[in-house]
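Q: Sharing a structure with you now.
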Amino acid sequence: MNVASRVLLTLLIALVSVSAMSPRRADQADSDEIRIGNLIPHTGPLAEFAAIGKAEVAYFNMVNARGGINGRKVRFISYDDNSDPSTALELTRDLVEKDNVLLMFGSFGTPGNLAVRAFLNERKIPQLFVASGNEELSNPAAFPWTVGWQPSYRAEGRIYANYIQAFYPNRKIVVLWQDDRFGRDLYKGIQEGLGDLRRMIIVGIAFDIADQHIDMHVSILKQSGADILIFAGAPATASQVIRLAADLNWHPVFLLNDASASIGGALGPAGVEKSTGVISALFLKDPDDPAWKDDPAISNWLSFMDRYYPEGDKRSSAALYGYAAAETLAQVLKQCGDDLSRENVMQQAKALNYQPSVLLPGIKINTSPENFHPIKQMRLVQFDGRTWQSIGAVIEDAFSDGPAR
């Protein structure tokens with residue numbers, strides 16, 4: 001199957017048609033538009049995250065309706081890579097060499113972003129705010145043109161480990177984790193954070209995204225007699241695990257990874273009564289959390305969804321993620337002023353210090369030439385059956401090696 005047949009969705013936002021485009025300077029310094037490339041799994045096993053890219057498209061549609069950025073309209077070009085790294089590389093080449101994009105932004109997933117990283121860095125093309133928490137994608141010394149966005153998966157895992165150390169030392173732990181780079185990174189962070197207490201992990205089960213035996217896995221974990229269950233995976237599977245555990249009358253301390261900690265996407269479908277007590281670490285507001293019903297930022301989000309993404313789910317944390325990431329890129333482009341050279345884009349991406357609208361209070365975007373982790377803070381929360389309740393203050397750091405007990 002060739003690449004063209006795998007590209008199921010191409011989203012173009014601009015006033016000029018593709019057929020009218022002619023080769024122009026890559027830095028777009030004298031262009032009346034800003035061309036941005038993006039890869040999202042609109043189809044395939046991770047298609048539930050397509051809302052990220054669709055919200056980003058809608059965000060720049062809104063930007064264009066309001067006059068663009070510094071007088072320029074945005075042409076946002078999003079291709080479907082079907083979560084296939086080889087497809088991601090071929091499509092990225094097309095975006096750079098044929099579509100002449102200024103930069104790549106917000107592409108989803110660790111394997112695809114790692115597959116294209118060398119190509120983009122060799123050509124000094126910004127690879128900004130990748131939708132992955134893999135720490136290799138925020139390494140300015142080795143790859144100075146690649147910048148992450150969200151907190152790292154390993155840091156998130158260490159947060160859960162530190163919580164266990166503080167409140168449930170020497171309790172038996174089981175981990176159900178998605179067998180990919182994401183799941184392995186988060187599991188590694190848990191082990192690092194526990195230090196000598198990692199001996200308390202009595203069972204760890206890896207599952208495939210299309211695993212048909214989740215019920216068997218949950219049953220095995222229950223039979224282990226564990227007190228704590230840590231889940232690292234996609235929202236649909238998280239919802240299934242929450243429901244299965246409750247139906248088996250198993251009520252461990254349940255720690256759920258951030259990407260699946262959505263009231264509308266996971267906890268609600270599982271049943272709010274079955275989800276009560278679930279603990280996670282968040283950095284974004286949950287759009288389905290009634291705690292934010294009077295929040296101006298969420299009110300703006302709802303208006304945005306009504307007007308620019310009406311077919312989308314207003315409760316979707318994935319869509320809100322895309323909206324927030326697009327807001328970050330817009331901030332970079334605003335800071336660029338009239339200098340849209342790739343060098344200046346990177347300079348501005350390394351000089352961010354602001355409070356995005358839909359991040360939790362106290363969590364900021366901050367970068368420097370030595371620090372390519374824009375979001376480094378999270379907040380532990382627990383679901384009470386209606387809303388997320390904070391557990392302590394914003395977490396700046398987590399221990400990478402827990403104390404022995």
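Residues in the structure tokens are numbered from 1 in each chain, the chains being A, B, ... in the order shown, and ligands are numbered from 1 in the order shown.
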Please return, as a ChimeraX atom specification, all residues of stretch 304-364 of chain A that DSSP assigns to helix (DSSP H, G or I) on the basis of the backbone.
A: /A:304-308,317-336,342-349
Q: Those selected residues, please, written with C-alpha atoms and delivered as a JSON list (two decimals), in the first residue's frame.
A:
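Result went into out-v2.json, see below:
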```json
[["chain", "number", "residue", "atom", "x", "y", "z"],
["A", 304, "PHE", "CA", -14.66, 27.51, 20.79],
["A", 305, "MET", "CA", -16.05, 23.98, 20.48],
["A", 306, "ASP", "CA", -19.51, 25.26, 19.56],
["A", 307, "ARG", "CA", -18.20, 27.46, 16.79],
["A", 308, "TYR", "CA", -15.07, 25.81, 15.41],
["A", 317, "SER", "CA", -9.44, 15.77, 27.47],
["A", 318, "ALA", "CA", -7.68, 14.89, 24.20],
["A", 319, "ALA", "CA", -9.37, 17.78, 22.42],
["A", 320, "LEU", "CA", -8.51, 20.12, 25.29],
["A", 321, "TYR", "CA", -4.90, 18.92, 25.07],
["A", 322, "GLY", "CA", -4.80, 19.88, 21.37],
["A", 323, "TYR", "CA", -6.34, 23.27, 22.12],
["A", 324, "ALA", "CA", -3.74, 24.00, 24.83],
["A", 325, "ALA", "CA", -0.81, 22.83, 22.69],
["A", 326, "ALA", "CA", -2.01, 24.98, 19.77],
["A", 327, "GLU", "CA", -2.25, 27.94, 22.12],
["A", 328, "THR", "CA", 1.41, 27.37, 23.01],
["A", 329, "LEU", "CA", 2.47, 27.35, 19.36],
["A", 330, "ALA", "CA", 0.44, 30.50, 18.74],
["A", 331, "GLN", "CA", 2.36, 32.15, 21.59],
["A", 332, "VAL", "CA", 5.67, 31.23, 19.93],
["A", 333, "LEU", "CA", 4.56, 32.60, 16.57],
["A", 334, "LYS", "CA", 3.35, 35.83, 18.17],
["A", 335, "GLN", "CA", 6.73, 36.25, 19.83],
["A", 336, "CYS", "CA", 8.41, 35.79, 16.43],
["A", 342, "ARG", "CA", 13.32, 28.82, 11.51],
["A", 343, "GLU", "CA", 16.16, 30.02, 13.73],
["A", 344, "ASN", "CA", 13.92, 32.66, 15.32],
["A", 345, "VAL", "CA", 11.07, 30.18, 15.74],
["A", 346, "MET", "CA", 13.43, 28.00, 17.77],
["A", 347, "GLN", "CA", 14.74, 31.00, 19.68],
["A", 348, "GLN", "CA", 11.21, 31.91, 20.76],
["A", 349, "ALA", "CA", 10.29, 28.30, 21.55]]
```
Q: Which residues come within 10 Å of A:Leu256, counting only C-alpha atoms, excluding same-chain residues fewer than 5 positions away, as a ChimeraX atom specification?
A: /A:160,229-233,235,238,242,261-262,278-281,382
Q: Let's have the selection written as an mmCIF file, in the first residue's frame, with C-alpha atoms.
A:
```
data_model
loop_
_atom_site.group_PDB
_atom_site.id
_atom_site.type_symbol
_atom_site.label_atom_id
_atom_site.label_comp_id
_atom_site.auth_asym_id
_atom_site.auth_seq_id
_atom_site.Cartn_x
_atom_site.Cartn_y
_atom_site.Cartn_z
ATOM 1 C CA TYR A 160 2.867 7.836 41.677
ATOM 2 C CA LEU A 229 -3.218 -1.190 41.199
ATOM 3 C CA ILE A 230 -1.380 1.138 38.820
ATOM 4 C CA PHE A 231 -2.742 1.433 35.289
ATOM 5 C CA ALA A 232 -0.844 2.903 32.316
ATOM 6 C CA GLY A 233 -2.743 2.842 29.044
ATOM 7 C CA PRO A 235 -8.691 5.793 28.043
ATOM 8 C CA ALA A 238 -8.772 2.334 31.501
ATOM 9 C CA ILE A 242 -12.144 0.323 36.296
ATOM 10 C CA ALA A 261 -7.769 10.452 33.660
ATOM 11 C CA SER A 262 -10.765 11.960 31.915
ATOM 12 C CA VAL A 278 -9.329 6.797 41.474
ATOM 13 C CA ILE A 279 -6.108 8.811 41.819
ATOM 14 C CA SER A 280 -4.131 10.481 39.051
ATOM 15 C CA ALA A 281 -1.684 13.296 38.338
ATOM 16 C CA GLN A 382 -8.541 12.004 43.509
#
```
Q: Would you list, as a ChimeraX atom specification, the residues of stretch 97-259 of chain A that end up in strand (DSSP E) under DSSP run on this structure's backbone?
A: /A:103-105,127-128,173-178,201-207,228-232,253-256
Q: Mind giving me the straight-line distance from atom CA of A:Met104 to atom CA of A:Asp81 in Å, one decimal?
A: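 Interatomic distance here is 13.7 Å.
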Q: Compare A:Arg72, A:His42, A:Arg198, A:Lys54 by their minimum atom-to-atom distance to A:Asp84, counting only C-alpha atoms, and give me the closest one.
A: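 Among the listed residues, A:His42 lies closest to A:Asp84.
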Q: Skipping near chain neighbours, those fewer than 3 positions away, what residues fall within 6 Å of stretch 288-302 of chain A using only C-alpha atoms, listed as a PyMOL selection string?
A: chain A and resi 263-264+305+315+357-358+387
Q: Which is closer to A:Leu89 than all the others in A:Ala141, A:Ala118, A:Leu197, A:Val63, using only C-alpha atoms?
A: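 That would be A:Ala118, the residue with the smallest distance to A:Leu89.
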Q: Tell me, in Å to one decimal, how far atom CA of A:Ala259 is from atom CA of A:Ser368.
A: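 Straight-line distance from atom CA of A:Ala259 to atom CA of A:Ser368 works out to 25.7 Å.
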Q: Residues at most 12 Å from A:Pro169, counting only C-alpha atoms, excluding those fewer than 4 positions away in the same chain, as a list in words?
A: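 Here the answer would be Ala161, Asn162, Tyr163, Ile164, Gln165, Ile173, Leu194, Gly195, Asp196, Leu197, Arg198, Arg199, Met200, Ile201, Asp227, Ile228, Gly402, Pro403, Ala404 and Arg405 of chain A.
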Q: Could those residues be written to a file, using C-alpha atoms, as a short mmCIF file (atom, residue, chain, number, x, y, z; two decimals), in the first residue's frame?
A:
```cif
data_model
loop_
_atom_site.label_atom_id
_atom_site.label_comp_id
_atom_site.auth_asym_id
_atom_site.auth_seq_id
_atom_site.Cartn_x
_atom_site.Cartn_y
_atom_site.Cartn_z
CA ALA A 161 5.79 6.05 43.30
CA ASN A 162 6.38 8.91 45.73
CA TYR A 163 2.69 8.93 46.63
CA ILE A 164 2.85 5.22 47.44
CA GLN A 165 5.97 5.77 49.56
CA ILE A 173 1.58 -3.39 44.14
CA LEU A 194 10.08 3.32 44.40
CA GLY A 195 13.78 2.57 44.78
CA ASP A 196 14.17 -0.40 47.12
CA LEU A 197 10.40 -0.53 47.49
CA ARG A 198 10.13 -1.81 43.92
CA ARG A 199 10.27 -5.24 45.57
CA MET A 200 6.64 -4.56 46.50
CA ILE A 201 5.63 -4.86 42.82
CA ASP A 227 -3.42 -3.54 47.71
CA ILE A 228 -2.47 -1.09 44.93
CA GLY A 402 12.80 6.29 46.68
CA PRO A 403 14.08 5.67 50.17
CA ALA A 404 14.40 2.15 51.45
CA ARG A 405 11.81 1.02 53.99
#
```
Q: Can you list, as a VMD selection string, every protein, DNA or RNA residue that comes within 12 Å of A:Val57 when you count only C-alpha atoms, leaving out same-chain residues fewer than 3 positions away?
A: chain A and resid 9 to 14 36 to 40 50 to 54 60 to 64 74 to 79 105 to 106 304 to 305 308 to 309 312 319 322 to 323 325 to 327
Q: Could you give me, as a short mmCIF file (atom, residue, chain, number, x, y, z; two decimals) with all heavy atoms, in the first residue's frame, the residues within 8 Å of A:Ile202, counting only C-alpha atoms and dropping anything in the same chain fewer than 6 positions from it?
A:
```cif
data_model
loop_
_atom_site.label_atom_id
_atom_site.label_comp_id
_atom_site.auth_asym_id
_atom_site.auth_seq_id
_atom_site.Cartn_x
_atom_site.Cartn_y
_atom_site.Cartn_z
N LYS A 172 1.45 -4.29 48.85
CA LYS A 172 1.70 -5.02 47.60
C LYS A 172 1.12 -4.27 46.39
O LYS A 172 -0.01 -3.79 46.44
CB LYS A 172 1.11 -6.42 47.70
CG LYS A 172 1.87 -7.33 48.67
CD LYS A 172 1.34 -8.74 48.68
CE LYS A 172 -0.01 -8.84 49.37
NZ LYS A 172 -0.46 -10.24 49.50
N ILE A 173 1.91 -4.19 45.31
CA ILE A 173 1.58 -3.39 44.14
C ILE A 173 1.50 -4.29 42.91
O ILE A 173 2.34 -5.19 42.73
CB ILE A 173 2.66 -2.31 43.89
CG1 ILE A 173 2.85 -1.44 45.14
CG2 ILE A 173 2.31 -1.45 42.69
CD1 ILE A 173 4.13 -0.61 45.10
N VAL A 174 0.51 -4.03 42.05
CA VAL A 174 0.47 -4.65 40.71
C VAL A 174 0.35 -3.53 39.67
O VAL A 174 -0.20 -2.46 39.96
CB VAL A 174 -0.70 -5.65 40.57
CG1 VAL A 174 -0.45 -6.88 41.42
CG2 VAL A 174 -2.04 -5.00 40.92
N SER A 224 -3.85 -11.88 43.01
CA SER A 224 -2.52 -11.70 43.60
C SER A 224 -2.59 -11.20 45.03
O SER A 224 -1.62 -11.28 45.78
CB SER A 224 -1.70 -10.71 42.76
OG SER A 224 -2.20 -9.38 42.95
N ALA A 226 -3.04 -8.01 45.83
CA ALA A 226 -2.39 -6.70 45.88
C ALA A 226 -3.32 -5.65 46.50
O ALA A 226 -4.54 -5.73 46.38
CB ALA A 226 -1.97 -6.27 44.49
#
```
